[in-house]
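Asker: Following this line is upload_3.cif, made up of mmCIF, C-alpha atoms:
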data_run
#
loop_
_atom_site.label_atom_id
_atom_site.label_comp_id
_atom_site.auth_asym_id
_atom_site.auth_seq_id
_atom_site.Cartn_x
_atom_site.Cartn_y
_atom_site.Cartn_z
CA MET A 1 0.00 0.00 0.00
CA PRO A 2 1.44 3.40 -0.94
CA ASP A 3 2.32 5.58 2.04
CA SER A 4 0.14 8.45 0.92
CA ILE A 5 -3.16 6.59 1.29
CA MET A 6 -2.07 4.66 4.36
CA PRO A 7 -3.62 7.09 6.90
CA PHE A 8 -7.00 6.93 5.18
CA ALA A 9 -6.92 3.18 4.89
CA VAL A 10 -6.13 2.93 8.60
CA PHE A 11 -8.86 5.44 9.36
CA PHE A 12 -11.47 3.43 7.49
CA ALA A 13 -10.24 0.11 8.81
CA SER A 14 -10.27 1.23 12.43
CA ILE A 15 -13.91 2.26 12.17
CA PHE A 16 -15.28 -0.77 10.40
CA THR A 17 -13.10 -3.83 9.96
CA GLY A 18 -10.96 -3.46 13.06
CA ASN A 19 -13.46 -1.82 15.39
CA ILE A 20 -11.64 -1.51 18.69
CA LEU A 21 -14.66 -2.56 20.72
CA LEU A 22 -16.11 -5.29 18.57
CA THR A 23 -12.91 -7.00 17.46
CA ASN A 24 -10.55 -6.25 20.35
CA TYR A 25 -13.08 -6.08 23.20
CA LEU A 26 -11.51 -2.88 24.46
CA GLY A 27 -13.57 -0.40 26.44
CA MET A 28 -16.11 -3.02 27.45
CA CYS A 29 -16.58 -1.83 31.03
CA SER A 30 -17.92 1.60 30.22
CA PHE A 31 -19.62 0.23 27.11
CA LEU A 32 -21.77 -2.12 29.18
CA SER A 33 -22.47 0.25 32.03
CA VAL A 34 -23.17 3.46 30.13
CA SER A 35 -25.06 2.16 27.10
CA LYS A 36 -28.39 2.10 28.94
CA GLU A 37 -29.24 5.65 27.88
CA LEU A 38 -28.83 7.10 24.40
CA LYS A 39 -28.08 10.61 25.65
CA THR A 40 -25.27 9.65 28.00
CA SER A 41 -23.86 7.31 25.35
CA VAL A 42 -23.57 10.20 22.90
CA GLY A 43 -21.76 12.27 25.53
CA LEU A 44 -19.31 9.53 26.40
CA GLY A 45 -18.82 8.59 22.75
CA VAL A 46 -17.91 12.14 21.74
CA ALA A 47 -15.53 12.42 24.69
CA VAL A 48 -13.85 9.17 23.64
CA ILE A 49 -13.42 10.38 20.04
CA PHE A 50 -11.85 13.59 21.29
CA VAL A 51 -9.49 11.97 23.77
CA MET A 52 -8.39 9.20 21.40
CA ALA A 53 -7.74 11.56 18.49
CA THR A 54 -5.58 13.78 20.70
CA THR A 55 -3.76 11.39 23.01
CA THR A 56 -2.66 8.95 20.30
CA PRO A 57 -0.52 11.46 18.38
CA LEU A 58 0.58 12.96 21.71
CA ASN A 59 1.80 9.57 22.87
CA TRP A 60 3.46 9.07 19.50
CA LEU A 61 5.50 12.22 20.05
CA VAL A 62 6.41 11.19 23.59
CA TYR A 63 7.40 7.72 22.46
CA GLN A 64 9.51 8.83 19.50
CA TYR A 65 11.21 11.83 21.07
CA LEU A 66 11.48 10.89 24.73
CA LEU A 67 11.36 7.16 25.25
CA ILE A 68 13.33 5.92 22.23
CA PRO A 69 16.28 8.36 22.56
CA PHE A 70 16.67 7.48 26.24
CA GLU A 71 16.06 3.75 25.62
CA LEU A 72 13.18 3.73 28.05
CA GLU A 73 10.66 1.89 25.87
CA TYR A 74 9.79 -0.48 28.70
CA LEU A 75 8.40 2.47 30.65
CA ARG A 76 5.81 3.16 27.97
CA PHE A 77 2.88 1.82 30.01
CA ILE A 78 3.46 4.24 32.85
CA VAL A 79 4.29 7.15 30.60
CA PHE A 80 1.28 6.66 28.32
CA ILE A 81 -1.13 6.46 31.20
CA ILE A 82 0.33 9.60 32.77
CA VAL A 83 0.03 11.45 29.47
CA ILE A 84 -3.59 10.34 29.10
CA ALA A 85 -4.51 11.14 32.68
CA ALA A 86 -2.80 14.53 32.60
CA PHE A 87 -4.38 15.43 29.29
CA VAL A 88 -7.84 14.40 30.42
CA GLN A 89 -7.48 16.37 33.64
CA LEU A 90 -6.30 19.42 31.74
CA THR A 91 -9.15 19.23 29.25
CA GLU A 92 -11.67 18.83 32.04
CA MET A 93 -10.39 21.93 33.82
CA THR A 94 -10.32 23.96 30.61
CA ILE A 95 -13.85 23.01 29.68
CA GLU A 96 -15.09 23.70 33.19
CA ARG A 97 -13.51 27.15 33.14
CA TYR A 98 -14.74 28.28 29.74
CA SER A 99 -17.97 26.56 28.90
CA GLU A 100 -20.60 25.57 31.40
CA ASN A 101 -22.77 23.89 28.78
CA LEU A 102 -20.00 21.85 27.26
CA TYR A 103 -18.92 20.78 30.72
CA GLN A 104 -22.39 19.54 31.52
CA ALA A 105 -22.56 17.63 28.25
CA LEU A 106 -19.03 16.30 28.02
CA GLY A 107 -16.93 17.16 31.03
CA ILE A 108 -18.58 14.79 33.46
CA PHE A 109 -17.56 11.86 31.28
CA LEU A 110 -13.92 12.77 31.11
CA PRO A 111 -12.80 11.22 34.43
CA LEU A 112 -14.42 7.95 33.35
CA ILE A 113 -12.25 7.93 30.30
CA THR A 114 -8.88 7.68 31.99
CA VAL A 115 -9.72 4.14 33.00
CA ASN A 116 -11.18 3.21 29.63
CA CYS A 117 -8.98 0.42 28.31
CA ALA A 118 -9.60 1.44 24.72
CA ILE A 119 -7.68 4.72 25.08
CA LEU A 120 -4.51 3.07 26.35
CA GLY A 121 -5.07 0.20 23.92
CA VAL A 122 -5.06 2.48 20.88
CA SER A 123 -1.75 3.99 21.99
CA LEU A 124 -0.21 0.56 22.53
CA PHE A 125 -1.42 -0.70 19.15
CA MET A 126 0.03 2.41 17.56
CA VAL A 127 3.48 1.53 18.95
CA ILE A 128 3.31 -2.13 17.95
CA ARG A 129 2.12 -1.43 14.42
CA GLU A 130 4.77 1.27 13.95
CA TYR A 131 2.49 3.95 12.58
CA THR A 132 3.72 7.36 11.49
CA PHE A 133 2.52 10.53 13.19
CA ILE A 134 -0.23 11.24 10.66
CA THR A 135 -1.38 7.64 10.62
CA SER A 136 -1.48 7.63 14.43
CA PHE A 137 -3.81 10.58 14.39
CA PHE A 138 -6.16 8.94 11.91
CA PHE A 139 -5.97 5.66 13.79
CA GLY A 140 -6.95 7.41 17.03
CA LEU A 141 -9.74 9.34 15.35
CA GLY A 142 -11.05 6.28 13.53
CA SER A 143 -10.98 4.09 16.62
CA GLY A 144 -12.85 6.76 18.53
CA ILE A 145 -15.52 7.01 15.83
CA GLY A 146 -15.77 3.23 15.71
CA TRP A 147 -16.31 3.09 19.47
CA PHE A 148 -18.87 5.90 19.19
CA ILE A 149 -20.85 4.04 16.51
CA ALA A 150 -20.81 0.85 18.55
CA ILE A 151 -22.05 2.45 21.78
CA ILE A 152 -24.73 4.50 20.01
CA ALA A 153 -26.05 1.44 18.22
CA MET A 154 -26.01 -0.52 21.46
CA ALA A 155 -27.81 2.24 23.39
CA GLY A 156 -30.48 2.47 20.69
CA ILE A 157 -31.07 -1.26 20.76
CA ARG A 158 -31.15 -1.38 24.55
CA GLN A 159 -33.77 1.36 24.69
CA LYS A 160 -36.01 -0.67 22.41
CA LEU A 161 -35.25 -3.72 24.47
CA LYS A 162 -36.94 -2.24 27.53
CA ASN A 163 -40.26 -3.44 26.10
CA ALA A 164 -39.04 -6.93 25.35
CA SER A 165 -39.25 -9.83 27.76
CA VAL A 166 -35.76 -11.12 28.42
CA PRO A 167 -35.10 -14.25 30.53
CA PRO A 168 -34.31 -13.01 34.04
CA GLY A 169 -30.82 -14.49 34.10
CA LEU A 170 -29.92 -12.76 30.88
CA GLU A 171 -31.12 -9.31 31.86
CA GLY A 172 -28.66 -6.42 31.91
CA PRO A 173 -25.11 -7.31 30.94
CA GLY A 174 -26.00 -10.74 29.58
CA ILE A 175 -28.30 -9.53 26.85
CA ALA A 176 -25.95 -6.63 26.14
CA LEU A 177 -23.19 -9.12 25.43
CA VAL A 178 -25.44 -11.10 23.08
CA ILE A 179 -26.28 -7.91 21.20
CA ALA A 180 -22.59 -7.00 21.07
CA GLY A 181 -21.95 -10.44 19.59
CA PHE A 182 -24.48 -9.84 16.83
CA MET A 183 -23.04 -6.41 16.19
CA ALA A 184 -19.58 -7.94 15.92
CA MET A 185 -20.98 -10.39 13.38
CA ALA A 186 -22.53 -7.54 11.42
CA PHE A 187 -19.24 -5.68 11.41
CA MET A 188 -17.49 -8.81 10.18
CA GLY A 189 -19.37 -8.16 6.96
CA PHE A 190 -16.90 -5.36 6.31
CA SER A 191 -13.88 -7.58 6.70
CA GLY A 192 -12.08 -8.39 3.51
CA MET A 193 -12.51 -4.83 2.29
CA ILE A 194 -9.44 -3.66 4.12
CA SER A 195 -7.53 -5.12 7.02
CA LEU A 196 -5.45 -3.82 9.88
CA SER A 197 -2.28 -5.79 10.26
CA MET B 1 -11.58 -15.64 64.17
CA ALA B 2 -8.57 -14.58 62.17
CA LYS B 3 -8.59 -17.85 60.30
CA ASN B 4 -12.26 -17.44 59.47
CA LEU B 5 -11.63 -13.97 58.12
CA ILE B 6 -8.88 -15.23 55.85
CA ARG B 7 -11.09 -18.07 54.65
CA LYS B 8 -13.95 -15.70 53.96
CA THR B 9 -11.68 -13.23 52.16
CA PHE B 10 -10.33 -16.02 50.03
CA LEU B 11 -13.60 -17.72 49.16
CA GLU B 12 -15.92 -14.80 48.47
CA PRO B 13 -14.45 -13.68 45.15
CA LEU B 14 -14.51 -17.26 43.92
CA GLY B 15 -18.22 -17.74 44.43
CA LYS B 16 -20.97 -15.29 45.12
CA ASN B 17 -18.84 -12.17 44.77
CA ASN B 18 -17.13 -13.22 41.58
CA PRO B 19 -15.90 -10.09 39.79
CA VAL B 20 -16.91 -11.34 36.35
CA PHE B 21 -20.44 -12.56 37.05
CA VAL B 22 -21.61 -10.09 39.61
CA GLN B 23 -19.85 -6.97 38.54
CA ILE B 24 -18.91 -7.75 34.91
CA LEU B 25 -15.60 -6.08 35.57
CA GLY B 26 -12.31 -6.30 33.84
CA ILE B 27 -13.19 -8.43 30.87
CA CYS B 28 -11.72 -5.90 28.46
CA SER B 29 -8.11 -6.86 28.50
CA THR B 30 -8.38 -10.61 28.58
CA LEU B 31 -11.43 -11.53 26.54
CA ALA B 32 -9.45 -10.77 23.42
CA VAL B 33 -6.96 -13.56 24.08
CA THR B 34 -9.49 -16.24 25.06
CA ASN B 35 -9.36 -17.87 21.66
CA LYS B 36 -6.38 -19.88 22.88
CA LEU B 37 -6.17 -21.62 26.24
CA GLN B 38 -2.44 -21.11 26.55
CA ASN B 39 -2.58 -17.35 26.03
CA THR B 40 -5.45 -17.04 28.47
CA MET B 41 -3.47 -18.91 31.10
CA VAL B 42 -0.52 -16.56 30.80
CA MET B 43 -2.70 -13.47 30.81
CA THR B 44 -4.71 -14.52 33.84
CA LEU B 45 -1.52 -15.38 35.72
CA GLY B 46 -0.38 -11.86 34.93
CA VAL B 47 -3.63 -10.42 36.27
CA MET B 48 -3.39 -12.53 39.44
CA PHE B 49 0.18 -11.45 40.07
CA THR B 50 -0.65 -7.79 39.49
CA ALA B 51 -3.84 -7.84 41.55
CA ALA B 52 -2.22 -9.59 44.50
CA PHE B 53 0.93 -7.53 44.73
CA SER B 54 -0.54 -4.13 43.96
CA SER B 55 -3.21 -4.72 46.62
CA TRP B 56 -0.45 -5.65 49.03
CA THR B 57 1.67 -2.61 48.18
CA ILE B 58 -1.22 -0.16 48.40
CA SER B 59 -2.29 -1.69 51.68
CA LEU B 60 1.20 -1.16 53.08
CA LEU B 61 1.08 2.48 52.00
CA ARG B 62 -2.57 3.05 52.81
CA ASN B 63 -1.96 5.39 55.74
CA HIS B 64 0.51 7.53 53.84
CA ILE B 65 -1.29 8.18 50.56
CA PRO B 66 -3.10 11.53 50.43
CA SER B 67 -6.63 10.70 49.34
CA ARG B 68 -6.75 13.38 46.63
CA ILE B 69 -4.04 11.76 44.56
CA ARG B 70 -4.66 8.15 45.50
CA MET B 71 -5.90 7.18 42.01
CA MET B 72 -2.63 8.34 40.51
CA VAL B 73 -0.59 6.46 43.12
CA GLU B 74 -2.63 3.32 42.55
CA THR B 75 -2.15 3.53 38.81
CA MET B 76 1.59 3.93 39.22
CA VAL B 77 1.85 0.92 41.51
CA ILE B 78 -0.26 -1.23 39.17
CA ALA B 79 1.75 -0.10 36.16
CA THR B 80 4.98 -1.05 37.92
CA PHE B 81 3.83 -4.62 38.43
CA VAL B 82 2.51 -4.84 34.88
CA ILE B 83 5.90 -3.73 33.60
CA ILE B 84 7.49 -6.54 35.62
CA VAL B 85 5.12 -9.04 33.96
CA ASP B 86 5.85 -7.56 30.55
CA VAL B 87 9.62 -7.60 30.96
CA VAL B 88 9.67 -11.16 32.33
CA LEU B 89 7.51 -12.40 29.45
CA LYS B 90 9.66 -10.62 26.90
CA ALA B 91 12.83 -12.11 28.35
CA PHE B 92 11.73 -15.72 28.86
CA TYR B 93 8.83 -16.26 26.47
CA PRO B 94 9.35 -13.92 23.55
CA GLU B 95 6.98 -15.91 21.33
CA MET B 96 4.16 -15.63 23.83
CA TRP B 97 4.97 -11.97 24.38
CA LYS B 98 4.58 -11.29 20.68
CA GLN B 99 1.24 -13.06 20.48
CA LEU B 100 -0.21 -11.23 23.46
CA GLY B 101 0.87 -7.92 21.95
CA PRO B 102 -0.64 -4.92 23.70
CA TYR B 103 -2.90 -6.91 25.98
CA VAL B 104 -0.32 -7.38 28.73
CA GLY B 105 -0.03 -3.62 29.05
CA LEU B 106 -3.77 -3.33 29.21
CA ILE B 107 -3.83 -5.16 32.54
CA ILE B 108 -3.19 -1.66 33.94
CA THR B 109 -6.68 -0.57 32.98
CA ASN B 110 -8.25 -3.83 34.14
CA CYS B 111 -11.01 -2.69 36.45
CA ILE B 112 -10.63 -5.66 38.80
CA VAL B 113 -7.18 -4.66 39.97
CA MET B 114 -8.14 -1.05 40.61
CA GLY B 115 -11.54 -2.08 41.94
CA ARG B 116 -10.14 -4.40 44.61
CA ILE B 117 -7.64 -1.78 45.72
CA GLU B 118 -10.36 0.82 46.10
CA ALA B 119 -12.85 -1.50 47.73
CA PHE B 120 -10.57 -3.60 49.90
CA ALA B 121 -6.89 -2.79 50.15
CA LEU B 122 -7.41 0.79 51.30
CA GLN B 123 -9.13 -0.41 54.48
CA ASN B 124 -7.41 -3.69 55.28
CA LYS B 125 -4.11 -5.10 56.46
CA PRO B 126 -1.43 -6.04 53.90
CA MET B 127 -1.63 -9.83 54.20
CA LEU B 128 -5.40 -9.86 53.96
CA SER B 129 -5.25 -7.55 50.93
CA LEU B 130 -2.75 -9.85 49.28
CA ILE B 131 -5.14 -12.76 49.72
CA ASP B 132 -8.07 -10.73 48.48
CA GLY B 133 -6.20 -9.61 45.38
CA LEU B 134 -5.03 -13.15 44.69
CA SER B 135 -8.45 -14.72 45.04
CA SER B 136 -10.12 -12.00 42.97
CA GLY B 137 -7.58 -12.78 40.29
CA LEU B 138 -8.31 -16.47 40.69
CA GLY B 139 -12.07 -15.96 40.48
CA TYR B 140 -11.48 -14.02 37.31
CA ALA B 141 -9.02 -16.55 35.93
CA TYR B 142 -11.24 -19.60 36.13
CA VAL B 143 -14.13 -17.91 34.32
CA LEU B 144 -11.86 -16.84 31.49
CA LEU B 145 -10.25 -20.27 31.34
CA ILE B 146 -13.71 -21.81 30.92
CA ILE B 147 -14.40 -19.38 28.08
CA ALA B 148 -11.06 -20.16 26.47
CA PHE B 149 -11.68 -23.90 26.88
CA ILE B 150 -15.01 -23.68 25.04
CA ARG B 151 -13.74 -21.34 22.36
CA GLU B 152 -10.58 -23.25 21.53
CA LEU B 153 -12.24 -26.66 21.64
CA LEU B 154 -15.18 -25.74 19.42
CA GLY B 155 -13.26 -23.31 17.25
CA THR B 156 -10.23 -25.40 16.39
CA GLY B 157 -10.97 -28.88 17.76
CA SER B 158 -7.87 -28.73 19.91
CA LEU B 159 -6.82 -27.75 23.41
CA TRP B 160 -3.54 -26.19 24.47
CA GLY B 161 -2.50 -26.53 20.85
CA TYR B 162 -3.04 -30.33 20.77
CA ARG B 163 -5.71 -31.87 18.58
CA ILE B 164 -8.46 -33.37 20.75
CA LEU B 165 -11.38 -33.94 18.46
CA GLY B 166 -10.95 -36.23 15.46
CA THR B 167 -11.06 -35.31 11.83
CA TRP B 168 -14.85 -35.69 11.85
CA TRP B 169 -15.06 -32.42 13.74
CA THR B 170 -15.93 -29.36 11.70
CA ASN B 171 -14.42 -26.27 13.26
CA TRP B 172 -16.85 -23.61 14.35
CA SER B 173 -14.71 -20.76 13.15
CA ILE B 174 -17.12 -18.21 14.61
CA MET B 175 -15.87 -19.32 18.03
CA ILE B 176 -12.34 -18.09 17.53
CA MET B 177 -13.52 -14.90 15.89
CA PRO B 178 -14.60 -11.89 17.97
CA PRO B 179 -18.38 -12.65 18.14
CA GLY B 180 -17.65 -16.03 19.72
CA GLY B 181 -16.18 -14.37 22.79
CA PHE B 182 -19.28 -12.27 23.34
CA PHE B 183 -21.64 -15.20 22.93
CA VAL B 184 -19.75 -17.61 25.16
CA LEU B 185 -19.42 -15.03 27.95
CA ALA B 186 -23.11 -14.16 27.67
CA ILE B 187 -24.14 -17.81 27.87
CA ILE B 188 -21.88 -18.47 30.87
CA ILE B 189 -23.26 -15.44 32.71
CA TRP B 190 -26.77 -16.61 31.88
CA VAL B 191 -26.19 -20.13 33.18
CA ILE B 192 -24.50 -18.93 36.35
CA ARG B 193 -27.16 -16.37 37.13
CA GLU B 194 -29.96 -18.87 36.57
CA THR B 195 -28.42 -21.52 38.80
CA ILE B 196 -26.09 -20.19 41.48
CA MET B 197 -27.58 -16.76 41.89
CA LYS B 198 -31.09 -18.12 42.22
CA GLU B 199 -30.00 -20.46 44.99
CA ALA B 200 -28.27 -17.60 46.76
CA LYS B 201 -31.46 -15.55 46.58
CA HIS B 202 -33.59 -18.30 48.08
CA ALA B 203 -31.16 -19.09 50.86
#
Translate this structure into structure tokens?
Answerer:
Amino acid sequence: MPDSIMPFAVFFASIFTGNILLTNYLGMCSFLSVSKELKTSVGLGVAVIFVMATTTPLNWLVYQYLLIPFELEYLRFIVFIIVIAAFVQLTEMTIERYSENLYQALGIFLPLITVNCAILGVSLFMVIREYTFITSFFFGLGSGIGWFIAIIAMAGIRQKLKNASVPPGLEGPGIALVIAGFMAMAFMGFSGMISLS
Amino acid sequence: MAKNLIRKTFLEPLGKNNPVFVQILGICSTLAVTNKLQNTMVMTLGVMFTAAFSSWTISLLRNHIPSRIRMMVETMVIATFVIIVDVVLKAFYPEMWKQLGPYVGLIITNCIVMGRIEAFALQNKPMLSLIDGLSSGLGYAYVLLIIAFIRELLGTGSLWGYRILGTWWTNWSIMIMPPGGFFVLAIIIWVIRETIMKEAKHA
């Protein structure tokens, strides 16, 4: 694949064929607990897109210009999580200071995000797959959008499901996992178009 | 009395307080590797090690950590133990390390580890916290090993890499693909909730 279209291929692939939630099971905790309401899901989803698209290139810079020159690659777990936590904290404070409305809609979800496995996962995948800076950005953005689509779809289905009669043992997380399984199958329909290594 | 407490601490996470069934916590990082029994074993051992020792460490420090920054301290401690797991794997089992890829690092964000620290280690003595962390890890491990057992057996007809089922067996390839993990976990949760949980409610 020529380098020039690589970022776009990765962008597309990370939304559909390699959806971080449905193929890598990352970000399941908040996915299962928050997807009960459509409105909160939208809030969390947007926050995830924002944080992924920003922290992935940020971590790329830190990895390339701090960790590699000092041969500290093994410290990447700690460093990445600090970068993510610091960035999230900073964003939360900025939003709180400047926009009350945005804080109400988005800010309250930010602390939840630090512990979302998907955010750290995207950064770790970015290192392993040896993406360039631009590709990292598109990978982060695409993964965020993919996660957003998955949680929105799930929240929509779960709202409809309130009227359905589910076996008592399967209520809550059980049925959510079954739905996620079907969604993963649906997304497998995209595979073969493009694949993430 | 003390012995009873230890027993109770050890047994609760294995049964009625199992982190996976009751709280559906921490499946993110490991579910992805449950298509092979061997990988699951290594990952869950990593989670057990991390959960036990970070609970122990935090419990030792519990009276010295300012509560405002305790999340950060906890994350640092967890990350330290995860790095130990990662480095050891890389040094002794490079093949396995390659297969697990980013998932070892993702133990840091595993909610069980952090959850047990918050819920238990901050209020209890070091030894008891160590046991609690270990048994939470164990309660988590056996569920995931069951999932891996089902997925690998049905998906490839083999276990631990060895062929178990004869050539008559047609592989259910859906099992080793992502949807299989969701379905198997859902079914296990369903079965457990219908049987064990119901008994617990009546008792």
Asker: Taking the file as shown, find all residues satisfying the PyMOL selection byres ((chain B) within 6 of (chain A)) and write them as a PyMOL selection string.
Answerer: chain B and resi 28+32+79+102+109+178-179+182-183+186+190+193-194
Asker: To verify the selection step, state as an NGL selection string which residues the PyMOL selection byres ((chain B and resi 113-122) around 8) yields on this input.
Answerer: :B and (47 or 50-51 or 54-56 or 58-59 or 62 or 74-75 or 78 or 108-112 or 123-126 or 129 or 132-133 or 136)
Asker: For the structure shown, which residues end up in the PyMOL selection byres ((chain A and resi 106) around 12)? Put them as a VMD selection string, please?
Answerer: chain A and resid 39 to 51 88 91 to 96 99 to 105 107 to 113
Asker: Report as lines of an AutoDock Vina configuration file the centre and the edge lengths, in Å to one decimal, of the axis-aligned box holding every listed atom of range 144-158 of chain B, padded by 6 Å on each side.
Answerer:
center_x = -11.5
center_y = -22.9
center_z = 23.9
size_x = 19.3
size_y = 24.0
size_z = 27.1
Asker: Using only C-alpha atoms, can you list as a PyMOL selection string the residues within 9 Å of (-10.2, 2.8, 16.5)?
Answerer: chain A and resi 10-11+13-16+18-21+49+52+118+122+138-147
Asker: At what distance in Å, to one decimal, does CA of Tyr63 in chain A lie from CA of Ile65 in chain B?
Answerer: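 About the pair CA of Ile65 in chain B and CA of Tyr63 in chain A: they are 29.4 Å apart.
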Asker: Work out how far apart CA of Ile192 in chain B and CA of Ala153 in chain A are and give it in Å to one decimal.
Answerer: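 Going from CA of Ile192 in chain B over to CA of Ala153 in chain A covers 27.3 Å.
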Asker: What's the separation between CA of Asn59 in chain A and CA of Val83 in chain A, in Å to one decimal place?
Answerer: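 These two atoms are separated by 7.1 Å.
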Asker: Please identify all polymer residues within 7 Å of range 140-152 of chain B, counting only C-alpha atoms, omitting same-chain residues fewer than 2 positions from it, and present them as a VMD selection string.
Answerer: chain B and resid 19 to 20 34 to 37 40 to 41 44 136 to 138 154 to 159 175 to 176 184 to 185
Asker: Can I get the selection written as a CSV table (one decimal), in the frame of the given file, with C-alpha atoms?
Answerer:
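File produced: out.csv:
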chain,number,residue,atom,x,y,z
B,19,PRO,CA,-15.9,-10.1,39.8
B,20,VAL,CA,-16.9,-11.3,36.4
B,34,THR,CA,-9.5,-16.2,25.1
B,35,ASN,CA,-9.4,-17.9,21.7
B,36,LYS,CA,-6.4,-19.9,22.9
B,37,LEU,CA,-6.2,-21.6,26.2
B,40,THR,CA,-5.4,-17.0,28.5
B,41,MET,CA,-3.5,-18.9,31.1
B,44,THR,CA,-4.7,-14.5,33.8
B,136,SER,CA,-10.1,-12.0,43.0
B,137,GLY,CA,-7.6,-12.8,40.3
B,138,LEU,CA,-8.3,-16.5,40.7
B,154,LEU,CA,-15.2,-25.7,19.4
B,155,GLY,CA,-13.3,-23.3,17.2
B,156,THR,CA,-10.2,-25.4,16.4
B,157,GLY,CA,-11.0,-28.9,17.8
B,158,SER,CA,-7.9,-28.7,19.9
B,159,LEU,CA,-6.8,-27.8,23.4
B,175,MET,CA,-15.9,-19.3,18.0
B,176,ILE,CA,-12.3,-18.1,17.5
B,184,VAL,CA,-19.8,-17.6,25.2
B,185,LEU,CA,-19.4,-15.0,28.0
